[in-house]
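Contents: one structure, followed by commentary.
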Amino acid sequence: MRKIVFAIGLCLFVAVTAAHAADITDLLKAVPVIPSAGSSQDAGTVASGLKEALSVGTKNAVTMLSKTNGYFGNEAVKILLPENVRRVGDALRMAGYQKEVDAFVLSMNRAAERAAPKAADIFAGAIRQMSIDDAHKILGGGNTAATNYFKEKTSAKLFEAFKPDISKSMNEVGVTKAYKAMTERYTTLMPFAKMESLDLDTYVTNKSLDGLFYEVGQEEAKIRTNPAARTTELLKKVFAK
């Protein structure tokens with residue numbers, strides 16, 4: 001008799017346990033899965049946030065530099081006389097030809113301002129090609145980690161794209177003419193002085209890119225360190241920490 005009662009009890013226990021197991025399984029199915037820090041969903045959010053930050057930063061930098069006086073009016077990126085021509089400029093200023101020197105400096109900066117919009121598409125392409133792994137490394141890097149990434153990925157393309165535009169712009173705004181006028185004044189003053197050769201196209205192109213990367217770096221640092229610069233919810237979420 002006891003054996004029969006025990007068997008019946010055992011059956012009931014198994015049945016109840018199975019029922020509870022089924023209920024627990026159903027409950028677990030209903031619990032949302034929280035992504036871990038290294039999950040693809042979390043990584044995707046980080047990558048999207050960083051790409052958005054870079055899109056905002058590069059757009060701001062290009063827009064700023066493309067304006068009249070974008071280069072010329074910004075002491076941090078203003079293109080000055082090439083080092084091997086500074087003695088010429090100094091001599092001309094002392095001789096009363098400040099106007100000619102200033103015209104040459106202004107013309108170089110105007111050429112850079114005209115070429116700056118060319119960078120927008122190249123930056124956009126680099127952002128699109130950025131991998132999730134790249135994004136994580138950049139996010140955990142210093143305040144200009146993304147700018148350094150851009151230098152590595154886009155410098156050659158930017159130089160190739162900028163130089164023809166710089167050359168064209170320099171002709172349009174009179175860089176070559178201004179340089180010729182300046183050097184002619186100098187050779188008149190110093191007939192036996194030797195003028196060093198200067199590749200103006202390359203010089204202005206390189207200085208234009210230096211200024212561009214400087215401004216991109218400034219925009220990146222703002223987003224990383226200044227909450228007010230995070231203008232979208234995604235930026236706030238990714239850069240909150």
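Chain identifiers are assigned as A, B, and so on, following the order in which chains appear in the structure tokens; residues are numbered from 1 within each chain, and ligands are numbered from 1 in order of appearance.
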Surrounding residues of Ile138 in chain A excluding itself and chain neighbours under 6 positions, 10 Å, only C-alpha atoms, as a list in words: Ala47, Leu50, Ile132, Thr144, Ala145, Ala146, Thr147, Asn148 and Tyr149 of chain A
Produce a file of the selected residues containing N, CA and C atoms, as a CSV table (one decimal), in the first residue's frame.
chain,number,residue,atom,x,y,z
A,47,ALA,N,29.8,52.7,-33.0
A,47,ALA,CA,30.2,53.0,-34.4
A,47,ALA,C,29.3,54.1,-35.0
A,50,LEU,N,30.0,57.5,-33.2
A,50,LEU,CA,31.2,58.1,-33.6
A,50,LEU,C,31.2,58.6,-35.1
A,132,ILE,N,33.8,48.8,-37.3
A,132,ILE,CA,33.4,48.9,-35.9
A,132,ILE,C,34.6,48.8,-35.0
A,144,THR,N,42.0,63.7,-30.1
A,144,THR,CA,42.1,63.9,-31.6
A,144,THR,C,42.4,62.5,-32.3
A,145,ALA,N,42.0,61.4,-31.7
A,145,ALA,CA,42.2,60.1,-32.2
A,145,ALA,C,41.5,60.0,-33.6
A,146,ALA,N,40.3,60.5,-33.8
A,146,ALA,CA,39.6,60.4,-35.0
A,146,ALA,C,40.3,61.3,-36.1
A,147,THR,N,40.8,62.4,-35.7
A,147,THR,CA,41.6,63.3,-36.6
A,147,THR,C,42.8,62.6,-37.1
A,148,ASN,N,43.5,61.9,-36.2
A,148,ASN,CA,44.7,61.1,-36.6
A,148,ASN,C,44.3,60.0,-37.6
A,149,TYR,N,43.2,59.4,-37.4
A,149,TYR,CA,42.7,58.4,-38.3
A,149,TYR,C,42.4,59.0,-39.7
Secondary structure check, helix (DSSP H, G or I) residues of range 38-77 of chain A, as a ChimeraX atom specification: /A:40-66
Using only C-alpha atoms, find each residue in range 99-149 of chain A having at least one atom no more than 10 Å away from range 89-94 of chain A; report its shortest atom-to-atom pair and that distance in Å (one decimal), rows by chain then rising number, as CSV.
residue,atom,partner,partner_atom,distance
A:Lys99,CA,A:Arg93,CA,8.2
A:Glu100,CA,A:Leu92,CA,8.2
A:Val101,CA,A:Gly89,CA,6.0
A:Asp102,CA,A:Gly89,CA,9.1
A:Phe104,CA,A:Gly89,CA,9.7
A:Val105,CA,A:Gly89,CA,10.0
Proximity to Lys177 in chain A - best of A:Ile127, A:Leu200, A:Ala53, A:Val88, only C-alpha atoms: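 For Lys177 in chain A, the nearest of the candidates is A:Leu200.
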